[in-house]
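Enquirer: Below is the file work-v1.tsv, which contains TSV, C-alpha atoms and all ligand atoms.
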```tsv
chain	number	residue	atom	x	y	z
A	1	MET	CA	-11.50	-19.11	-10.79
A	2	TYR	CA	-13.56	-17.24	-8.21
A	3	ASP	CA	-12.36	-14.16	-6.41
A	4	ASP	CA	-11.70	-14.32	-2.67
A	5	ALA	CA	-15.05	-12.80	-1.66
A	6	THR	CA	-17.00	-15.29	-3.79
A	7	ILE	CA	-15.06	-18.18	-2.36
A	8	MET	CA	-15.81	-16.98	1.17
A	9	LYS	CA	-19.48	-16.64	0.31
A	10	ARG	CA	-19.55	-20.21	-0.97
A	11	VAL	CA	-17.55	-21.51	1.97
A	12	CYS	CA	-20.10	-19.91	4.29
A	13	ALA	CA	-22.81	-21.65	2.28
A	14	GLY	CA	-21.18	-25.01	3.03
A	15	GLU	CA	-18.65	-25.57	0.24
A	16	TYR	CA	-15.83	-25.95	2.75
A	17	LEU	CA	-13.32	-27.48	0.37
A	18	LEU	CA	-13.18	-24.26	-1.62
A	19	PHE	CA	-11.29	-22.75	1.29
A	20	ASP	CA	-8.27	-24.72	0.05
A	21	GLU	CA	-8.05	-22.31	-2.85
A	22	LEU	CA	-7.52	-19.43	-0.42
A	23	VAL	CA	-4.83	-21.44	1.34
A	24	LEU	CA	-3.08	-21.92	-2.00
A	25	ARG	CA	-3.28	-18.21	-2.75
A	26	TYR	CA	-1.80	-16.89	0.47
A	27	ARG	CA	0.17	-19.61	2.18
A	28	ALA	CA	3.55	-18.86	0.60
A	29	ARG	CA	3.41	-15.16	1.44
A	30	LEU	CA	2.41	-15.79	5.03
A	31	LEU	CA	5.16	-18.37	5.39
A	32	ARG	CA	7.77	-15.97	4.07
A	33	PHE	CA	6.61	-13.37	6.57
A	34	ALA	CA	6.68	-15.70	9.57
A	35	TRP	CA	9.91	-17.39	8.57
A	36	SER	CA	11.63	-14.01	8.40
A	37	LYS	CA	10.21	-13.02	11.78
A	38	PHE	CA	10.89	-16.19	13.73
A	39	GLY	CA	13.59	-17.95	11.73
A	40	ASN	CA	11.95	-21.24	12.50
A	41	PHE	CA	10.14	-23.05	9.75
A	42	SER	CA	7.92	-25.22	11.90
A	43	ALA	CA	6.83	-22.27	14.08
A	44	ALA	CA	6.08	-20.36	10.87
A	45	GLU	CA	4.03	-23.25	9.50
A	46	ASP	CA	2.07	-23.52	12.76
A	47	LEU	CA	1.25	-19.80	12.72
A	48	VAL	CA	0.14	-19.89	9.11
A	49	GLN	CA	-2.04	-22.91	9.79
A	50	GLU	CA	-3.49	-21.22	12.86
A	51	ALA	CA	-4.35	-18.10	10.85
A	52	PHE	CA	-6.17	-20.07	8.19
A	53	LEU	CA	-7.98	-22.15	10.76
A	54	SER	CA	-9.18	-19.13	12.68
A	55	ALA	CA	-10.34	-17.42	9.47
A	56	PHE	CA	-12.22	-20.58	8.63
A	57	ALA	CA	-13.72	-20.87	12.10
A	58	ALA	CA	-14.75	-17.19	12.12
A	59	ARG	CA	-15.91	-17.26	8.49
A	60	GLU	CA	-19.37	-15.97	9.41
A	61	SER	CA	-17.85	-12.72	10.64
A	62	TYR	CA	-16.25	-12.04	7.25
A	63	ASN	CA	-17.92	-9.34	5.21
A	64	PRO	CA	-17.22	-8.49	1.54
A	65	SER	CA	-17.00	-4.78	2.45
A	66	PHE	CA	-13.33	-5.50	3.20
A	67	ALA	CA	-10.84	-7.70	1.36
A	68	PHE	CA	-10.35	-11.26	2.53
A	69	SER	CA	-6.59	-10.81	2.15
A	70	THR	CA	-6.57	-7.81	4.50
A	71	TRP	CA	-8.59	-9.77	7.03
A	72	LEU	CA	-6.32	-12.79	6.81
A	73	TRP	CA	-3.19	-10.64	7.16
A	74	THR	CA	-4.69	-8.81	10.13
A	75	ILE	CA	-5.40	-12.10	11.87
A	76	PHE	CA	-1.97	-13.42	10.98
A	77	LEU	CA	-0.17	-10.29	12.13
A	78	ASN	CA	-1.96	-10.45	15.48
A	79	LEU	CA	-1.08	-14.12	15.90
A	80	CYS	CA	2.55	-13.41	15.01
A	81	ARG	CA	2.73	-10.56	17.50
A	82	ARG	CA	1.22	-12.69	20.22
A	83	HIS	CA	3.75	-15.42	19.45
A	84	TYR	CA	6.57	-12.85	19.39
A	85	LYS	CA	5.57	-11.56	22.84
A	86	ARG	CA	5.50	-15.09	24.22
A	87	GLU	CA	8.92	-15.72	22.74
A	88	GLN	CA	10.30	-12.57	24.33
A	89	ARG	CA	8.94	-13.70	27.68
A	90	SER	CA	10.32	-17.25	27.49
A	91	PRO	CA	13.23	-17.14	25.07
A	92	ARG	CA	14.77	-20.39	26.33
A	93	GLU	CA	11.94	-22.51	25.04
A	94	ILE	CA	12.53	-21.50	21.47
A	95	VAL	CA	15.61	-22.24	19.45
A	96	HIS	CA	17.36	-19.13	18.01
A	97	SER	CA	14.14	-17.23	18.36
A	98	SER	CA	15.22	-13.62	18.45
A	99	MET	CA	17.78	-14.11	15.70
A	100	THR	CA	20.21	-11.85	17.50
A	101	ASP	CA	22.52	-14.85	17.80
A	102	ALA	CA	24.00	-16.53	14.78
A	103	VAL	CA	21.22	-17.69	12.51
A	104	VAL	CA	21.23	-21.40	11.85
A	105	ILE	CA	20.66	-22.26	8.23
A	106	PRO	CA	19.25	-25.77	7.91
A	107	GLU	CA	20.50	-27.96	5.11
A	108	PRO	CA	17.95	-28.15	2.31
A	109	SER	CA	16.52	-31.59	1.80
A	110	SER	CA	15.37	-33.10	-1.48
A	111	SER	CA	11.68	-32.91	-0.51
A	112	GLU	CA	11.71	-29.15	-0.03
A	113	THR	CA	9.82	-26.75	-2.27
A	114	PRO	CA	11.58	-23.90	-4.09
A	115	LEU	CA	10.06	-21.55	-1.53
A	116	GLU	CA	11.59	-23.42	1.36
A	117	ILE	CA	14.95	-23.60	-0.39
A	118	ALA	CA	14.85	-19.86	-1.13
A	119	LEU	CA	14.08	-19.14	2.51
A	120	LYS	CA	17.03	-21.16	3.71
A	121	THR	CA	19.75	-19.18	2.03
A	122	GLU	CA	22.41	-17.22	3.83
A	123	GLN	CA	21.09	-14.05	2.25
A	124	PHE	CA	17.61	-14.60	3.65
A	125	ALA	CA	19.02	-15.41	7.07
A	126	LEU	CA	21.02	-12.19	7.07
A	127	LEU	CA	18.01	-10.15	6.02
A	128	ALA	CA	15.90	-11.79	8.71
A	129	ARG	CA	18.55	-10.97	11.26
A	130	TYR	CA	18.75	-7.31	10.28
A	131	LEU	CA	14.97	-7.11	10.28
A	132	SER	CA	14.93	-8.37	13.84
A	133	GLU	CA	17.14	-5.43	14.83
A	134	LEU	CA	14.52	-2.93	13.68
A	135	SER	CA	11.50	-1.94	15.73
A	136	GLU	CA	8.74	-4.54	15.42
A	137	VAL	CA	6.37	-2.21	13.53
A	138	GLN	CA	9.04	-1.18	11.03
A	139	ALA	CA	10.11	-4.75	10.41
A	140	ASP	CA	6.50	-5.92	10.08
A	141	ALA	CA	5.69	-3.12	7.64
A	142	LEU	CA	8.66	-4.19	5.49
A	143	ARG	CA	7.64	-7.84	5.66
A	144	LEU	CA	4.08	-6.98	4.66
A	145	ARG	CA	5.30	-4.85	1.78
A	146	PHE	CA	7.85	-7.27	0.34
A	147	PHE	CA	6.90	-10.75	1.52
A	148	GLY	CA	3.17	-10.06	1.60
A	149	GLY	CA	3.24	-8.09	-1.66
A	150	MET	CA	0.79	-5.64	-0.11
A	151	LYS	CA	-0.17	-2.13	-1.16
A	152	PHE	CA	0.44	0.67	1.33
A	153	THR	CA	-3.30	1.10	1.85
A	154	GLU	CA	-3.54	-2.59	2.76
A	155	ILE	CA	-0.56	-2.32	5.10
A	156	ALA	CA	-2.21	0.65	6.81
A	157	LEU	CA	-5.44	-1.30	7.30
A	158	THR	CA	-3.64	-4.41	8.50
A	159	MET	CA	-1.44	-2.51	10.94
A	160	ASP	CA	-4.30	-0.21	11.96
A	161	CYS	CA	-2.32	2.94	11.18
A	162	SER	CA	-2.55	5.83	8.72
A	163	LEU	CA	-1.37	5.54	5.13
A	164	SER	CA	1.46	7.96	5.73
A	165	ALA	CA	2.53	6.05	8.85
A	166	ALA	CA	2.68	2.85	6.78
A	167	LYS	CA	4.89	4.55	4.20
A	168	ILE	CA	7.13	6.10	6.82
A	169	ARG	CA	7.59	2.74	8.52
A	170	VAL	CA	8.64	1.15	5.24
A	171	LYS	CA	10.88	4.04	4.28
A	172	ASN	CA	12.65	4.35	7.63
A	173	GLY	CA	12.95	0.59	7.93
A	174	LEU	CA	14.57	0.43	4.49
A	175	LEU	CA	16.95	3.26	5.35
A	176	GLN	CA	18.13	1.45	8.47
A	177	LEU	CA	18.40	-1.88	6.67
A	178	ALA	CA	20.36	-0.32	3.82
A	179	HIS	CA	22.70	1.26	6.32
A	180	ARG	CA	23.17	-2.10	8.06
A	181	PHE	CA	23.91	-3.91	4.80
A	182	SER	CA	26.41	-1.22	3.78
A	183	GLU	CA	28.09	-1.44	7.17
A	184	ALA	CA	28.35	-5.19	6.90
A	185	SER	CA	29.85	-5.10	3.41
A	186	THR	CA	32.37	-2.44	4.51
A	187	SER	CA	33.49	-4.50	7.51
A	188	GLU	CA	33.69	-7.58	5.27
A	189	GLY	CA	35.95	-5.60	2.95
A	190	ASP	CA	38.11	-4.59	5.90
A	191	VAL	CA	38.56	-8.20	7.01
A	192	SER	CA	39.55	-9.41	3.55
B	1	MET	CA	3.97	10.26	-11.85
B	2	ASN	CA	4.81	12.18	-8.69
B	3	CYS	CA	7.52	11.30	-6.17
B	4	ASP	CA	5.02	9.59	-3.88
B	5	GLU	CA	3.95	7.24	-6.67
B	6	ALA	CA	7.60	6.73	-7.54
B	7	PHE	CA	8.27	5.58	-3.98
B	8	ASP	CA	5.43	3.06	-4.34
B	9	LEU	CA	7.16	1.63	-7.39
B	10	ILE	CA	10.69	1.76	-5.98
B	11	THR	CA	9.48	-0.42	-3.10
B	12	HIS	CA	7.18	-2.55	-5.25
B	13	PRO	CA	7.89	-6.27	-4.80
B	14	THR	CA	7.60	-7.01	-8.54
B	15	ASP	CA	7.20	-3.80	-10.60
B	16	HIS	CA	10.32	-2.04	-9.36
B	17	ASN	CA	11.91	-1.98	-12.82
B	18	CYS	CA	8.94	-0.68	-14.79
B	19	GLU	CA	9.39	1.91	-17.51
B	20	GLU	CA	7.32	4.65	-15.88
B	21	LEU	CA	9.60	4.56	-12.85
B	22	GLN	CA	12.73	4.68	-15.02
B	23	TRP	CA	11.39	7.79	-16.75
B	24	HIS	CA	10.67	9.43	-13.43
B	25	LEU	CA	14.12	8.54	-12.09
B	26	GLU	CA	15.79	10.05	-15.12
B	27	LEU	CA	14.07	13.36	-14.44
B	28	CYS	CA	14.00	13.37	-10.65
B	29	PRO	CA	17.34	13.54	-8.80
B	30	ARG	CA	15.58	13.30	-5.44
B	31	CYS	CA	14.04	9.91	-6.15
B	32	ARG	CA	17.21	8.72	-7.87
B	33	GLN	CA	19.12	9.54	-4.71
B	34	MET	CA	16.51	7.79	-2.58
B	35	LYS	CA	16.69	4.65	-4.70
B	36	GLU	CA	20.49	4.59	-4.52
B	37	THR	CA	20.45	5.01	-0.76
B	38	LEU	CA	17.95	2.19	-0.31
B	39	ALA	CA	19.60	-0.08	-2.88
B	40	PRO	CA	21.43	-2.43	-0.48
B	41	ALA	CA	18.13	-3.29	1.25
B	42	LEU	CA	15.94	-3.22	-1.85
B	43	ASP	CA	18.27	-5.44	-3.85
B	44	THR	CA	18.25	-8.07	-1.13
B	45	PHE	CA	14.47	-8.12	-0.92
B	46	HIS	CA	14.09	-8.24	-4.67
B	47	GLN	CA	16.66	-10.98	-5.10
B	48	ILE	CA	15.03	-13.17	-2.46
B	49	LEU	CA	11.65	-12.59	-4.05
B	50	ASP	CA	12.96	-13.35	-7.53
B	51	ASP	CA	14.43	-16.60	-6.24
B	52	SER	CA	11.31	-17.74	-4.45
B	53	LEU	CA	8.59	-16.30	-6.66
B	54	ASN	CA	8.86	-19.06	-9.22
B	55	ASP	CA	6.86	-21.29	-7.02
B	56	SER	CA	3.63	-19.44	-6.46
B	57	ASP	CA	2.39	-16.33	-4.96
B	58	PHE	CA	2.06	-13.00	-6.58
B	59	ASN	CA	1.39	-14.72	-9.90
B	60	GLU	CA	-0.68	-17.44	-8.27
B	61	MET	CA	1.35	-19.97	-10.16
B	62	GLY	CA	3.43	-22.97	-9.25
B	63	SER	CA	3.38	-26.67	-9.41
B	64	ASP	CA	5.30	-28.38	-6.67
B	65	LEU	CA	4.19	-26.08	-3.89
B	66	HIS	CA	0.59	-26.54	-4.91
B	67	GLN	CA	0.93	-30.29	-4.93
B	68	MET	CA	2.38	-30.20	-1.48
B	69	GLN	CA	-0.29	-27.81	-0.32
B	70	ASP	CA	-3.02	-29.95	-1.80
B	71	GLN	CA	-1.91	-32.80	0.41
B	72	LYS	CA	-1.37	-30.63	3.46
B	73	SER	CA	-4.39	-28.41	3.28
B	74	ALA	CA	-6.69	-31.31	2.66
B	75	ALA	CA	-5.61	-32.44	6.09
B	76	HIS	CA	-6.04	-28.95	7.54
B	77	PHE	CA	-9.58	-28.00	6.59
B	78	PRO	CA	-12.10	-28.33	7.93
B	79	GLN	CA	-11.31	-30.35	10.99
B	80	ALA	CA	-12.93	-30.29	14.36
B	81	GLY	CA	-10.85	-30.25	17.51
B	82	ASN	CA	-7.62	-29.12	15.89
B	83	PRO	CA	-5.14	-28.35	18.68
B	84	PHE	CA	-4.08	-25.07	17.05
B	85	LEU	CA	-7.47	-23.51	17.24
B	86	SER	CA	-8.37	-21.86	20.52
B	87	ALA	CA	-11.30	-19.66	21.43
B	88	GLU	CA	-8.86	-16.76	21.76
B	89	THR	CA	-7.64	-17.26	18.20
B	90	VAL	CA	-11.16	-17.23	16.83
B	91	ARG	CA	-11.86	-14.09	18.82
B	92	ILE	CA	-8.84	-12.45	17.20
B	93	ALA	CA	-10.34	-13.22	13.79
B	94	GLU	CA	-13.76	-11.91	14.77
B	95	GLN	CA	-12.35	-8.73	16.24
B	96	ALA	CA	-10.32	-8.13	13.09
B	97	ALA	CA	-13.47	-8.55	11.01
B	98	THR	CA	-15.39	-6.11	13.21
B	99	ARG	CA	-12.67	-3.47	12.95
B	100	LEU	CA	-12.23	-3.82	9.19
B	101	ARG	CA	-15.96	-3.66	8.66
B	102	ALA	CA	-16.23	-0.50	10.76
B	103	GLU	CA	-13.37	1.07	8.80
B	104	ALA	CA	-14.98	0.16	5.48
B	105	GLU	CA	-18.26	1.70	6.61
B	106	SER	CA	-16.66	4.89	7.88
B	107	ASN	CA	-14.73	5.19	4.62
B	108	GLN	CA	-17.98	5.01	2.69
B	109	LEU	CA	-19.54	7.62	4.94
B	110	THR	CA	-16.65	10.03	4.45
B	111	LYS	CA	-16.70	9.55	0.68
B	112	GLN	CA	-20.33	10.64	0.33
B	113	PRO	CA	-20.06	14.00	2.13
B	114	ALA	CA	-16.88	14.65	0.16
B	115	LYS	CA	-18.89	14.37	-3.07
B	116	SER	CA	-21.65	16.66	-1.88
B	117	LYS	CA	-19.07	19.12	-0.51
B	118	LEU	CA	-17.46	19.29	-3.94
B	119	TYR	CA	-20.83	20.01	-5.53
B	120	GLN	CA	-21.57	22.70	-2.95
B	121	ARG	CA	-18.17	24.28	-3.55
B	122	ARG	CA	-18.79	24.43	-7.30
B	123	LEU	CA	-22.17	26.05	-6.79
B	124	MET	CA	-20.65	28.58	-4.42
B	125	HIS	CA	-17.89	29.32	-6.89
B	126	ALA	CA	-20.34	29.98	-9.72
B	127	ALA	CA	-22.53	32.13	-7.48
B	128	LEU	CA	-19.54	34.17	-6.34
B	129	ILE	CA	-18.40	34.83	-9.88
B	130	LEU	CA	-21.90	35.80	-10.90
B	131	PHE	CA	-22.23	38.10	-7.90
B	132	ALA	CA	-18.86	39.70	-8.59
B	133	GLY	CA	-19.85	40.21	-12.19
B	134	ILE	CA	-23.12	41.87	-11.26
B	135	LEU	CA	-21.48	44.04	-8.62
B	136	MET	CA	-18.67	45.18	-10.89
B	137	GLY	CA	-21.01	45.74	-13.77
B	138	TRP	CA	-23.20	47.88	-11.57
B	139	GLY	CA	-20.20	49.82	-10.23
B	140	VAL	CA	-18.77	50.38	-13.68
B	141	SER	CA	-22.07	51.42	-15.13
B	142	ALA	CA	-22.48	53.88	-12.26
B	143	LEU	CA	-19.05	55.35	-12.93
B	144	THR	CA	-19.17	55.37	-16.70
B	145	PRO	CA	-22.77	55.47	-17.72
B	146	GLU	CA	-21.90	56.33	-21.28
B	147	ASN	CA	-20.04	53.01	-21.79
B	148	HIS	CA	-21.80	50.35	-23.71
B	149	ILE	CA	-21.57	46.97	-21.93
B	150	PRO	CA	-21.26	44.03	-24.34
B	151	VAL	CA	-23.52	41.07	-23.61
B	152	GLY	CA	-22.19	37.87	-25.21
B	153	ALA	CA	-19.50	36.06	-23.23
B	154	ASN	CA	-17.86	34.69	-26.37
B	155	ASN	CA	-17.63	38.12	-27.92
B	156	LEU	CA	-16.04	39.40	-24.76
B	157	GLN	CA	-13.36	36.79	-24.82
B	158	LYS	CA	-12.49	37.63	-28.40
B	159	GLN	CA	-12.22	41.29	-27.52
B	160	GLN	CA	-10.01	40.82	-24.49
B	161	PRO	CA	-8.29	37.64	-23.24
B	162	CYS	CA	-8.27	37.06	-19.49
B	163	LEU	CA	-5.50	39.23	-18.11
B	164	TRP	CA	-4.50	36.77	-15.40
B	165	ILE	CA	-3.72	34.20	-18.07
B	166	ALA	CA	-2.19	36.62	-20.51
B	167	GLN	CA	-0.02	38.02	-17.76
B	168	SER	CA	2.02	34.87	-17.68
B	169	THR	CA	3.25	35.24	-21.23
B	170	GLU	CA	6.30	37.31	-22.02
B	171	ASN	CA	4.35	39.64	-24.30
B	172	ALA	CA	1.77	40.37	-21.73
B	173	LYS	CA	4.48	41.03	-19.15
B	174	GLN	CA	6.00	43.73	-21.30
B	175	SER	CA	2.77	45.41	-22.31
B	176	TYR	CA	0.92	44.76	-19.06
B	177	GLN	CA	1.14	48.26	-17.69
B	178	THR	CA	0.23	50.05	-20.91
B	179	GLU	CA	-2.53	47.52	-21.53
B	180	MET	CA	-3.98	48.18	-18.07
B	181	ASP	CA	-4.03	51.86	-18.78
B	182	ARG	CA	-5.65	51.42	-22.13
B	183	VAL	CA	-8.31	48.82	-21.32
B	184	SER	CA	-11.41	50.13	-19.66
B	185	VAL	CA	-12.36	48.71	-16.28
B	186	ASN	CA	-15.54	47.09	-17.44
B	187	ASN	CA	-13.76	45.21	-20.21
B	188	VAL	CA	-11.25	43.72	-17.80
B	189	VAL	CA	-13.87	42.65	-15.33
B	190	LEU	CA	-16.23	41.21	-17.88
B	191	SER	CA	-13.51	39.42	-19.80
B	192	CYS	CA	-12.28	37.75	-16.61
B	193	VAL	CA	-15.77	36.76	-15.59
B	194	ALA	CA	-16.48	35.37	-19.04
B	195	CYS	CA	-13.24	33.43	-19.18
B	196	HIS	CA	-13.55	31.96	-15.68
B	197	LEU	CA	-17.19	31.12	-16.13
B	198	GLN	CA	-16.21	29.16	-19.21
B	199	SER	CA	-13.40	27.29	-17.49
B	200	THR	CA	-15.65	26.53	-14.52
B	201	ALA	CA	-18.32	25.20	-16.85
B	202	LYS	CA	-15.73	22.91	-18.46
A	301	ZN	ZN	10.66	12.03	-7.76
```
Let me see the structure of the file written as structure tokens.

Expert:
Amino acid sequence: MYDDATIMKRVCAGEYLLFDELVLRYRARLLRFAWSKFGNFSAAEDLVQEAFLSAFAARESYNPSFAFSTWLWTIFLNLCRRHYKREQRSPREIVHSSMTDAVVIPEPSSSETPLEIALKTEQFALLARYLSELSEVQADALRLRFFGGMKFTEIALTMDCSLSAAKIRVKNGLLQLAHRFSEASTSEGDVS
Amino acid sequence: MNCDEAFDLITHPTDHNCEELQWHLELCPRCRQMKETLAPALDTFHQILDDSLNDSDFNEMGSDLHQMQDQKSAAHFPQAGNPFLSAETVRIAEQAATRLRAEAESNQLTKQPAKSKLYQRRLMHAALILFAGILMGWGVSALTPENHIPVGANNLQKQQPCLWIAQSTENAKQSYQTEMDRVSVNNVVLSCVACHLQSTAK
């Protein structure tokens, strides 16, 4: 199959349906990111769709001097941050948006994909909740690293920061998360 | 592998159990400690990824997700007048492209001078060594005109190994002082120059 840059070149030349291949390649990762940030599957789906649509609409501005994936993630991260800001401003409109309250885990239905089922576990909900307690940049860096499967250089480009800043965000975020998980397991032990 | 590369692997979504990392962890208590400290968070991420990675993603595999996506994405692209797409959203994409392009270009620009700087530095290095050699040779010949100065660099190295390198060995440490007394100044200088010229040429 073609690489991302070739697909974009052909899409720009009019082979629009090839763009589907890019959707297949990145959709699951983007969904995992957004689902962990907003805890709402339909909001996550909307954001992912919006990111792909805007990349498609702005396809002429793409240039092979940078990776398509980095571009897509940059667009997506910006859309997620915009959505996050809106949520912070009007939290009543969105159900369990900030995830500081108890996270609702929807019952899996038979039509769901393994990805959706995996994202609806208690463990994922807990992780998403602890991520929401971190600073936004730390949490996003962790999401990009683990859910996006990105290299640190790609994270730095996407977040528009230095390589060392990207690493520090991931490292400090992990330290805080690890501390939070340990705390939770200790208090669980105390209760039982 | 250094500790920085080890951190890359410790936090790698899929390669976090690779052999190279295990070797490093066995030898490096600092990274071992780091991995243990981060374990509660890392394990959760890795477990979630292991559970959901069957479907697609990093391996670009998967059946059911793809089928679902085939149906969905066919409806997504390309469609005019989709309610999700606003002018602002497209502008976000264009701005991202502009920034990434500028970064790619500036990266290329900084790479080229770095190459020429390296070349300049090597030239300077060689010139300095040559200059030092000439200067010392002149000084030595002025002081000890009766000394015969050997010409071939290879011969020089056989006569006298570079003292800076030899100094690191136990033998050299013990005999360093007596050696310094015994060896004439011009031999030391010329042997060093010969040795370093060779290593620079390599
Ligand atoms: Zn180490």

Enquirer: Please indicate the distance in Å from CA of Gln123 (chain A) to CA of Ile168 (chain A), rounded to one decimal place.

Expert: 24.9 Å

Enquirer: Taking only residues of chain A that have an atom at most 7 Å from an atom of chain B, what is each one's shortest atom pair and its distance in Å to one decimal, using all atoms listed in the file, in chain and number order, as CSV?

Expert:
```
residue,atom,partner,partner_atom,distance
A:Tyr16,CA,B:Pro78,CA,6.8
A:Asp20,CA,B:Ser73,CA,6.3
A:Leu24,CA,B:His66,CA,6.6
A:Arg25,CA,B:Glu60,CA,6.2
A:Tyr26,CA,B:Asp57,CA,6.9
A:Ala28,CA,B:Asp57,CA,6.2
A:Arg29,CA,B:Asp57,CA,6.6
A:Glu50,CA,B:Phe84,CA,5.7
A:Leu53,CA,B:Leu85,CA,6.6
A:Ser54,CA,B:Val90,CA,5.0
A:Ala55,CA,B:Ala93,CA,6.0
A:Ala57,CA,B:Val90,CA,6.5
A:Ala58,CA,B:Val90,CA,5.9
A:Ser61,CA,B:Glu94,CA,5.9
A:Tyr62,CA,B:Ala97,CA,5.8
A:Asn63,CA,B:Arg101,CA,6.9
A:Ser65,CA,B:Ala104,CA,6.1
A:Phe66,CA,B:Leu100,CA,6.3
A:Trp71,CA,B:Ala97,CA,6.4
A:Thr74,CA,B:Ala96,CA,6.4
A:Ile75,CA,B:Ala93,CA,5.4
A:Thr113,CA,B:Leu65,CA,5.9
A:Pro114,CA,B:Asp55,CA,6.1
A:Leu115,CA,B:Ser52,CA,5.0
A:Ala118,CA,B:Ser52,CA,5.3
A:Phe124,CA,B:Ile48,CA,6.8
A:Phe146,CA,B:Pro13,CA,5.2
A:Gly149,CA,B:Pro13,CA,5.9
A:Leu174,CA,B:Ala41,CA,6.1
A:Leu175,CA,B:Leu38,CA,5.8
A:Leu177,CA,B:Ala41,CA,5.6
A:Ala178,CA,B:Ala41,CA,4.5
A:Phe181,CA,B:Pro40,CA,6.0
A:Ser182,CA,B:Pro40,CA,6.7
```

Enquirer: Please report as a Markdown table every residue of chain B lying within 8 Å of ligand ZN 301 (chain A), along with the nearest atom pair and their distance in Å (one decimal), using only C-alpha atoms and all ligand atoms.

Expert:
```
| residue | atom | partner | partner_atom | distance |
| --- | --- | --- | --- | --- |
| B:Asn2 | CA | A:ZN301 | ZN | 5.9 |
| B:Cys3 | CA | A:ZN301 | ZN | 3.6 |
| B:Asp4 | CA | A:ZN301 | ZN | 7.3 |
| B:Ala6 | CA | A:ZN301 | ZN | 6.1 |
| B:Phe7 | CA | A:ZN301 | ZN | 7.8 |
| B:His24 | CA | A:ZN301 | ZN | 6.2 |
| B:Leu25 | CA | A:ZN301 | ZN | 6.5 |
| B:Leu27 | CA | A:ZN301 | ZN | 7.6 |
| B:Cys28 | CA | A:ZN301 | ZN | 4.6 |
| B:Pro29 | CA | A:ZN301 | ZN | 6.9 |
| B:Arg30 | CA | A:ZN301 | ZN | 5.6 |
| B:Cys31 | CA | A:ZN301 | ZN | 4.3 |
| B:Arg32 | CA | A:ZN301 | ZN | 7.3 |
```

Enquirer: Mind pulling up the distance from CA of Leu163 (chain A) to CA of Phe147 (chain A)?

Expert: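 Calculated distance between CA of Phe147 (chain A) and CA of Leu163 (chain A) is 18.6 Å.
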
Enquirer: In Å, with one decimal, what is the gap from CA of Leu157 (chain A) to CA of Asn107 (chain B)?

Expert: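 Taking CA of Leu157 (chain A) and CA of Asn107 (chain B), their separation equals 11.6 Å.
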
Enquirer: Tell me which residues come within 9 Å of (13.8, -13.7, 9.0), as JSON, numbers by chain, counting all atoms listed in the file in the file's coordinates.

Expert: {"A": [32, 33, 34, 35, 36, 37, 38, 39, 40, 99, 119, 124, 125, 126, 127, 128, 129, 130, 131, 132]}

Enquirer: Enclose the full set of atoms of region 31-45 of chain A listed in the file within a box whose edges lie along x, y and z, apply 8 Å of padding to each of the six sides, and report centre and edge lengths in Å to one decimal as lines of an AutoDock Vina configuration file.

Expert:
```
center_x = 8.8
center_y = -19.1
center_z = 9.1
size_x = 25.6
size_y = 28.2
size_z = 26.0
```
